[in-house]
Each structure stands twice: as structure tokens, then as C-alpha cells.
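Take a look at the structure set out below.
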Amino acid sequence: MLTGRTNYSTYSAKIMDLLTAVTIFTAFLVTAEGYYVKVEAHEEECFTEEIAMGTPFSITFEVADGGFLDIDVKVVGPNEEIIYQGQQESSGKYTLAARLDGKHKFCFSNEMSSITPKVLMFSIDVGNKPEDKIEDTAEVHNNLESMINQLSTGLTGIKHEQDYMEVRERVHRAINDSTNSRVVLWAFFESLVLVAMTLGQVFYLKRFFEVRRVI
């Protein structure tokens, strides 16, 4: 009878560990968000995220349309300290750590552009806050939680990579279509020039022989 109760307790503990791990996995996925944003010329768009001190976070972005496909990027901490700043970047992926508790600003500036707006896709991924190591007899629970975190990180990375591959494919397709249109227009222009030169030569030779006949 005692053995049955022990097995039932062990089974219940495993179920609770699994539910806890799934909850952690779901919470982690919710913190990974992707956005599309249009930044008008001479403007700056900023977004805020509440991040605890010591928590790792990453920002990934890709300019999809507009001008030379470049944007100014800036990450500002709660005390207005610039954590990262980049100028005229087309894409990037940076992993940083929060130095203070509070709202962090992620800004995209298009102030260098005169008339062209920029369309970009970006995502902000916030990791788990580091905790002090506490001795825990449930080693299976710790291993399961670690594997869930690794799996969620990998799945989030794959999802974002697919999104950015789609954006890159769209940009490259637009470039190919533009190049193809220019080639077609140039070929049409060359055909018009060739026809004009042919008609001009025929007219000139005809006029030349008419003048010789009169003489």
C-alpha cells in the first residue's frame, strides 16, 4: 500500500513538472513578438519594453522597402543611456542585456531620408530573468525546464529566420522585377533607335540619288 502511494506521488510530481515546463515554454513564446512598421521621412518610431535588470534580450530587424533599404537603429535604457546605436543599417541581429530595471526604448529613425518612407520588420525577444541558484532535489524538473527553454529559443529563432527570409525574398524579387523592366525598356528603346536609323538612311540615300538624277 505504501508503494502504491509513492508511485502515485511520483507520477503526480512528474505531471506537475510537465505542466510547469509547458507554462514556461508558452510564456517564453509570448515574449517574442514581431512587427511591421512604416517610418516616414524625417521621422522616428520608438517602441518600449519592460525588462528586468540582467535579463538578456535581442532585437532583429530587416528593411523591406524604401530608398536604399537603410535605417538608423538605437536602443536606449531606462536612464536614457544608449545601449546600442547603428546608422544606415539594412538588417541586423543584436543580443544585449538589461543594465537596469525599467522600460527600454527601441527606436528606428528615418531622419536622413528626404522624401522616402521605410518599411521594416523587427522583433524583440526577451529572455528569462536570471535567478539565484537554489539547491533542488527535483533534478528531472530542472533538466526538463532547461530543455524546454532551449527548445523554445530554437523554435523562436527558426520562426524569425523564416520571416526574415520571406522579407529578403520579397526585396530580391522587387529588385529582379525592376531590373527586368529596365532591360525591357532599354531593348525597346534600342529597337526604336535602330528603326529610326534605318528609316533615316533610306530617306538619305533616296534623297541623294534624286539629287544626282536632277544633275
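In the C-alpha cells, chains take the letters A, B, ... in the order shown, each chain's residues start at 1, and ligands count up from 1 in the order shown.
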
Worksheet item: Do you know which residues are at most 12 Å from Ile82 in chain A counting only C-alpha atoms, after dropping those on the same chain fewer than 2 positions away, and could you put them as a ChimeraX atom specification?
Response: /A:73-80,84-86,96,98-99,104-107

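Distance check against Ser123 in chain A using only C-alpha atoms: of A:Val37, A:Ile148, A:Leu185, A:Met53, the minimum falls on A:Val37.
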
Identify, on the basis of only C-alpha atoms, every residue whose closest approach to Ile71 in chain A does not exceed 8 Å; exclude the query and any residue fewer than 6 positions from it along the same chain; express the result as a PDB file with N, CA, C and O atoms, in the first residue's frame.
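Below you can see out18.pdb, which holds the result:
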ATOM      1  N   VAL A  63      15.041  45.801 -43.227  1.00  0.00           N
ATOM      2  CA  VAL A  63      14.343  46.828 -44.009  1.00  0.00           C
ATOM      3  C   VAL A  63      13.814  46.174 -45.282  1.00  0.00           C
ATOM      4  O   VAL A  63      14.577  45.610 -46.064  1.00  0.00           O
ATOM      5  N   GLN A  87      23.865  53.210 -37.594  1.00  0.00           N
ATOM      6  CA  GLN A  87      23.403  54.131 -38.623  1.00  0.00           C
ATOM      7  C   GLN A  87      23.400  53.463 -39.990  1.00  0.00           C
ATOM      8  O   GLN A  87      24.308  52.708 -40.335  1.00  0.00           O
ATOM      9  N   GLN A  88      22.320  53.736 -40.737  1.00  0.00           N
ATOM     10  CA  GLN A  88      22.155  53.283 -42.117  1.00  0.00           C
ATOM     11  C   GLN A  88      22.411  51.781 -42.243  1.00  0.00           C
ATOM     12  O   GLN A  88      23.227  51.327 -43.036  1.00  0.00           O
ATOM     13  N   GLU A  89      21.687  51.007 -41.456  1.00  0.00           N
ATOM     14  CA  GLU A  89      21.794  49.561 -41.495  1.00  0.00           C
ATOM     15  C   GLU A  89      20.584  48.970 -42.209  1.00  0.00           C
ATOM     16  O   GLU A  89      19.458  49.441 -42.042  1.00  0.00           O
ATOM     17  N   SER A  90      20.828  47.950 -43.009  1.00  0.00           N
ATOM     18  CA  SER A  90      19.742  47.296 -43.743  1.00  0.00           C
ATOM     19  C   SER A  90      19.124  46.161 -42.940  1.00  0.00           C
ATOM     20  O   SER A  90      17.928  45.897 -43.050  1.00  0.00           O
ATOM     21  N   PHE A 108      13.720  53.458 -34.324  1.00  0.00           N
ATOM     22  CA  PHE A 108      14.131  53.383 -35.729  1.00  0.00           C
ATOM     23  C   PHE A 108      13.917  54.764 -36.343  1.00  0.00           C
ATOM     24  O   PHE A 108      12.794  55.272 -36.354  1.00  0.00           O
ATOM     25  N   SER A 109      14.992  55.346 -36.839  1.00  0.00           N
ATOM     26  CA  SER A 109      14.946  56.716 -37.334  1.00  0.00           C
ATOM     27  C   SER A 109      15.152  56.749 -38.841  1.00  0.00           C
ATOM     28  O   SER A 109      16.040  56.073 -39.381  1.00  0.00           O
ATOM     29  N   ASN A 110      14.322  57.562 -39.500  1.00  0.00           N
ATOM     30  CA  ASN A 110      14.438  57.785 -40.943  1.00  0.00           C
ATOM     31  C   ASN A 110      14.665  59.272 -41.223  1.00  0.00           C
ATOM     32  O   ASN A 110      14.221  59.800 -42.240  1.00  0.00           O
ATOM     33  N   LYS A 118      10.347  54.320 -45.090  1.00  0.00           N
ATOM     34  CA  LYS A 118      10.972  52.997 -44.995  1.00  0.00           C
ATOM     35  C   LYS A 118      10.003  52.031 -44.302  1.00  0.00           C
ATOM     36  O   LYS A 118       9.344  52.379 -43.322  1.00  0.00           O
TER      37      LYS A 118
END

Fill in: Surrounding residues of range 56-59 of chain A excluding itself and chain neighbours under 3 positions, 7 Å, only C-alpha atoms, as a PyMOL selection string
chain A and resi 93-98+123-127

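CA of Glu45 in chain A to CA of Ser152 in chain A spans 29.0 Å [interatomic distance, one decimal].
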
Worksheet item: Got a sec to tell me which of range 49-151 of chain A DSSP assigns to strand (DSSP E or B), as a PyMOL selection string?
Response: chain A and resi 49-51+56-65+71-76+82-89+91-97+102-109+118-126

Item to complete: Considering only C-alpha atoms, return as a ChimeraX atom specification whatever protein or nucleic-acid residues lie within 8 Å of Ser91 in chain A, sequence-local ones (same chain, fewer than 5 positions apart) excluded.
Response: /A:60-63,70

Discussion item. Can you pull out the residues contacting range 113-116 of chain A? Cut-off 12 Å, using only C-alpha atoms, and skip same-chain residues under 5 positions away; I want them as an MDAnalysis selection string.
Written reply: chainID A and resid 38:44 65:72 88
